[in-house]
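Have a look at query-v2.csv; it's CSV, C-alpha atoms and all ligand atoms:
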```csv
chain,number,residue,atom,x,y,z
A,1,MET,CA,86.6,149.5,55.7
A,2,ASN,CA,88.8,146.4,55.5
A,3,THR,CA,88.6,143.5,57.9
A,4,LEU,CA,90.8,140.5,58.0
A,5,SER,CA,89.5,136.9,58.3
A,6,GLN,CA,90.6,134.8,61.2
A,7,SER,CA,93.1,133.0,59.1
A,8,GLU,CA,94.5,136.3,57.6
A,9,MET,CA,94.9,137.6,61.1
A,10,SER,CA,96.6,134.4,62.3
A,11,LYS,CA,99.0,134.5,59.3
A,12,LEU,CA,100.0,138.1,60.0
A,13,MET,CA,100.4,137.4,63.7
A,14,ALA,CA,102.6,134.3,62.8
A,15,ALA,CA,104.9,136.6,60.8
A,16,ALA,CA,105.2,139.0,63.8
A,17,GLU,CA,106.0,136.0,66.0
A,18,GLN,CA,108.5,134.5,63.7
A,19,THR,CA,110.7,137.6,63.7
A,20,ILE,CA,110.9,137.8,67.5
A,21,ASP,CA,114.4,136.3,67.7
A,22,LYS,CA,115.7,139.4,66.0
A,23,ALA,CA,114.4,141.8,68.7
A,24,TYR,CA,117.2,143.9,70.3
A,25,GLU,CA,116.1,144.4,73.8
A,26,PRO,CA,119.1,144.1,76.2
A,27,TYR,CA,117.6,146.7,78.6
A,28,SER,CA,114.0,145.8,79.0
A,29,ARG,CA,114.2,142.1,78.1
A,30,TYR,CA,110.8,142.6,76.5
A,31,PRO,CA,111.0,141.4,72.9
A,32,VAL,CA,108.4,142.6,70.4
A,33,GLY,CA,107.8,141.7,66.8
A,34,ALA,CA,105.5,143.5,64.3
A,35,ALA,CA,104.3,142.6,60.8
A,36,VAL,CA,102.8,145.1,58.4
A,37,LEU,CA,100.4,143.9,55.6
A,38,VAL,CA,100.5,146.3,52.6
A,39,ASP,CA,98.0,146.5,49.8
A,40,ASN,CA,99.7,144.2,47.4
A,41,GLY,CA,99.7,141.4,50.0
A,42,LYS,CA,103.4,141.8,51.0
A,43,VAL,CA,104.3,141.4,54.7
A,44,ILE,CA,107.1,143.5,56.1
A,45,THR,CA,108.4,142.8,59.6
A,46,GLY,CA,110.2,144.7,62.3
A,47,VAL,CA,111.4,144.3,65.9
A,48,ASN,CA,112.0,146.6,68.8
A,49,VAL,CA,115.5,148.1,68.7
A,50,GLU,CA,116.6,149.5,72.0
A,51,ASN,CA,119.5,151.8,72.8
A,52,ALA,CA,121.8,152.6,75.8
A,53,ALA,CA,120.3,156.1,75.7
A,54,TYR,CA,116.8,154.6,76.5
A,55,PRO,CA,114.5,157.1,74.8
A,56,SER,CA,116.4,156.6,71.5
A,57,GLY,CA,115.1,153.1,71.2
A,58,LEU,CA,112.4,152.2,68.7
A,59,CYS,CA,109.3,150.1,69.0
A,60,ALA,CA,108.7,147.1,66.7
A,61,GLU,CA,105.7,148.8,65.0
A,62,ARG,CA,107.6,151.9,64.0
A,63,VAL,CA,110.5,149.8,62.8
A,64,ALA,CA,108.2,147.7,60.6
A,65,LEU,CA,106.1,150.6,59.3
A,66,GLY,CA,109.2,152.7,58.6
A,67,SER,CA,110.6,149.8,56.7
A,68,ALA,CA,107.4,149.4,54.7
A,69,VAL,CA,107.3,153.1,53.8
A,70,SER,CA,111.0,152.9,52.9
A,71,GLN,CA,110.3,150.1,50.5
A,72,GLY,CA,107.7,152.3,48.8
A,73,HIS,CA,104.5,151.0,50.5
A,74,ARG,CA,102.2,153.6,51.9
A,75,ASN,CA,98.9,151.8,51.5
A,76,ILE,CA,98.9,149.9,54.8
A,77,ILE,CA,96.1,147.4,55.5
A,78,ALA,CA,97.0,146.0,58.9
A,79,ILE,CA,99.8,145.7,61.5
A,80,ALA,CA,100.1,142.7,63.9
A,81,VAL,CA,102.1,143.1,67.2
A,82,TYR,CA,103.4,140.2,69.2
A,83,SER,CA,105.3,139.7,72.4
A,84,PRO,CA,106.0,136.3,74.0
A,85,LYS,CA,105.5,138.1,77.4
A,86,GLY,CA,101.7,138.2,76.9
A,87,ASP,CA,99.2,140.9,76.2
A,88,ILE,CA,100.4,143.9,74.3
A,89,SER,CA,98.9,146.8,72.5
A,90,PRO,CA,100.7,149.7,70.7
A,91,CYS,CA,102.1,152.5,72.8
A,92,GLY,CA,100.9,156.1,72.3
A,93,MET,CA,103.8,157.1,70.1
A,94,CYS,CA,103.2,154.2,67.8
A,95,ARG,CA,99.5,155.0,67.6
A,96,GLN,CA,100.3,158.5,66.4
A,97,PHE,CA,102.9,157.1,63.9
A,98,ILE,CA,100.5,154.5,62.5
A,99,SER,CA,97.6,156.9,62.2
A,100,GLU,CA,99.6,159.0,59.8
A,101,PHE,CA,99.1,156.4,57.1
A,102,GLY,CA,95.3,155.9,57.5
A,103,ALA,CA,92.6,155.9,60.1
A,104,ASP,CA,91.4,152.4,59.0
A,105,ILE,CA,94.6,150.6,59.5
A,106,LEU,CA,93.8,147.5,61.5
A,107,LEU,CA,95.9,146.7,64.6
A,108,ILE,CA,96.0,143.0,65.4
A,109,PHE,CA,97.1,142.1,69.0
A,110,GLN,CA,96.6,139.6,71.8
A,111,TRP,CA,94.4,140.9,74.6
A,112,GLN,CA,92.9,138.9,77.5
A,113,GLY,CA,92.8,135.6,75.6
A,114,ALA,CA,91.5,137.0,72.3
A,115,LEU,CA,93.1,138.1,69.1
A,116,LYS,CA,91.8,141.7,68.7
A,117,GLN,CA,91.4,143.5,65.4
A,118,VAL,CA,90.9,147.2,66.0
A,119,PRO,CA,91.2,150.1,63.6
A,120,ILE,CA,93.8,152.7,64.6
A,121,LYS,CA,91.1,155.4,64.7
A,122,GLN,CA,89.5,153.6,67.7
A,123,LEU,CA,92.9,153.3,69.5
A,124,LEU,CA,93.7,157.0,68.9
A,125,PRO,CA,90.5,159.1,68.7
A,126,PHE,CA,90.7,162.8,68.1
A,127,SER,CA,94.1,162.3,66.7
A,128,PHE,CA,96.4,165.1,65.5
A,129,ASP,CA,96.8,164.9,61.7
A,130,HIS,CA,98.0,166.5,58.5
A,131,LYS,CA,94.8,168.6,58.1
A,132,MET,CA,95.7,170.5,61.3
A,133,VAL,CA,99.3,171.1,60.2
A,134,ASN,CA,98.3,172.4,56.8
A,135,ALA,CA,95.2,174.3,57.9
A,201,LIG,N1,107.6,148.1,72.7
A,201,LIG,C1,107.3,147.8,71.4
A,201,LIG,O1,108.2,147.5,70.6
A,201,LIG,N2,106.0,147.9,71.0
A,201,LIG,C2,104.9,148.1,71.8
A,201,LIG,O2,103.8,148.1,71.4
A,201,LIG,C3,105.1,148.3,73.3
A,201,LIG,C4,106.6,148.5,73.7
A,201,LIG,C5,108.9,148.0,73.1
A,201,LIG,C6,109.6,149.2,73.5
A,201,LIG,C7,110.7,148.7,74.4
A,201,LIG,O3,111.8,148.2,73.6
A,201,LIG,C8,110.1,147.5,75.1
A,201,LIG,O4,109.0,147.1,74.3
A,201,LIG,C9,109.7,147.7,76.5
A,201,LIG,O5,108.9,148.8,76.6
```

Would you write out, as structure tokens, the structure that this file holds?
Amino acid sequence: MNTLSQSEMSKLMAAAEQTIDKAYEPYSRYPVGAAVLVDNGKVITGVNVENAAYPSGLCAERVALGSAVSQGHRNIIAIAVYSPKGDISPCGMCRQFISEFGADILLIFQWQGALKQVPIKQLLPFSFDHKMVNA
């Protein structure tokens, strides 16, 4: 399983942070940025995109990962998530969305004063996956 060095983690987190001004969050006023690291070293970012019909809004992680897949990248190494509001970790829907692309994808996020690096399989144990659909 991959792990990122402290400097690789910080670099990916910086990319998530740098995209924060693009967040579209007129309803929650809770901006989120995400940065996806793919296997060729490329970093693809995304922000939360809210909607007047609230449930139609998208989290930054799903925007960034959807963008990576749309650009032809399915081998995902890590995803950093950032909010200037403080501690954050991916919501349940994003955990499911991320786990589709690999149980070992690393989630990087700020939690109680530390930069965490946790594989998605630990954030979403017993996950529903393609083996069940195609059984
Ligand atoms: N949000 C994200 O973009 N990512 C997360 O990990 C948690 C929540 C967004 C959804 C919504 O636009 C706002 O944050 C407040 O819930």

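In this comparison, which uses all atoms listed in the file, the residue of A:Tyr54, A:Trp111, A:Phe97, A:Tyr30 approaching ligand LIG 201 (chain A) most closely is A:Tyr30.
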
What do you get as a PyMOL selection string if you pick all residues at most 7 Å from ligand LIG 201 (chain A), counting only C-alpha atoms and all ligand atoms?
chain A and resi 25+28+30-33+47-50+57-61+81+88-91

Output file for the selection above: C-alpha atoms, as a compact mmCIF listing (two decimals), in the coordinates of the input:
```
# COMPACT_ATOMS: atom_id res chain seq x y z
CA GLU A 25 116.10 144.40 73.80
CA SER A 28 114.00 145.80 79.00
CA TYR A 30 110.80 142.60 76.50
CA PRO A 31 111.00 141.40 72.90
CA VAL A 32 108.40 142.60 70.40
CA GLY A 33 107.80 141.70 66.80
CA VAL A 47 111.40 144.30 65.90
CA ASN A 48 112.00 146.60 68.80
CA VAL A 49 115.50 148.10 68.70
CA GLU A 50 116.60 149.50 72.00
CA GLY A 57 115.10 153.10 71.20
CA LEU A 58 112.40 152.20 68.70
CA CYS A 59 109.30 150.10 69.00
CA ALA A 60 108.70 147.10 66.70
CA GLU A 61 105.70 148.80 65.00
CA VAL A 81 102.10 143.10 67.20
CA ILE A 88 100.40 143.90 74.30
CA SER A 89 98.90 146.80 72.50
CA PRO A 90 100.70 149.70 70.70
CA CYS A 91 102.10 152.50 72.80
```

Would you mind listing what lies within 12 Å of range 10-24 of chain A as a ChimeraX atom specification, with all atoms listed in the file counted and same-chain residues fewer than 4 positions away left out?
/A:4-6,28-38,41-52,57-61,63-64,77-86,106-110,114-117

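Relative to CA of Leu65 in chain A, CA of Ile105 in chain A is found at 11.5 Å.
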
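From CA of Leu124 in chain A back to CA of Arg95 in chain A, the distance works out to 6.3 Å.
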
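Here CA of Ser127 in chain A stands at a distance of 7.3 Å from CA of Gln96 in chain A.
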
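Using all atoms listed in the file, the shortest contact distance between Ala53 in chain A and any of A:Tyr27, A:Gly66, A:Pro119, A:Glu100 is found at A:Tyr27.
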
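Of the residues under consideration (A:Ser99, A:Ser70, A:Ser7, A:Ser56), A:Ser99 shows the shortest atom-to-atom contact distance to Ile120 in chain A when counting all atoms listed in the file.
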
Between A:Pro26, A:Gly92, A:Pro55, A:Gly102, which one has atoms that come closest to Lys121 in chain A, using only C-alpha atoms?
A:Gly102

Nearest-residue call for His73 in chain A, choices A:His130, A:Ala135, A:Asp39, A:Leu123, using all atoms listed in the file:
A:Asp39

So that I can see what lies close to Arg74 in chain A, please list as a PyMOL selection string the residues with an atom at most 8 Å from it, counting all atoms listed in the file and leaving out residues fewer than 4 positions away in the same chain.
chain A and resi 38+68-69+101
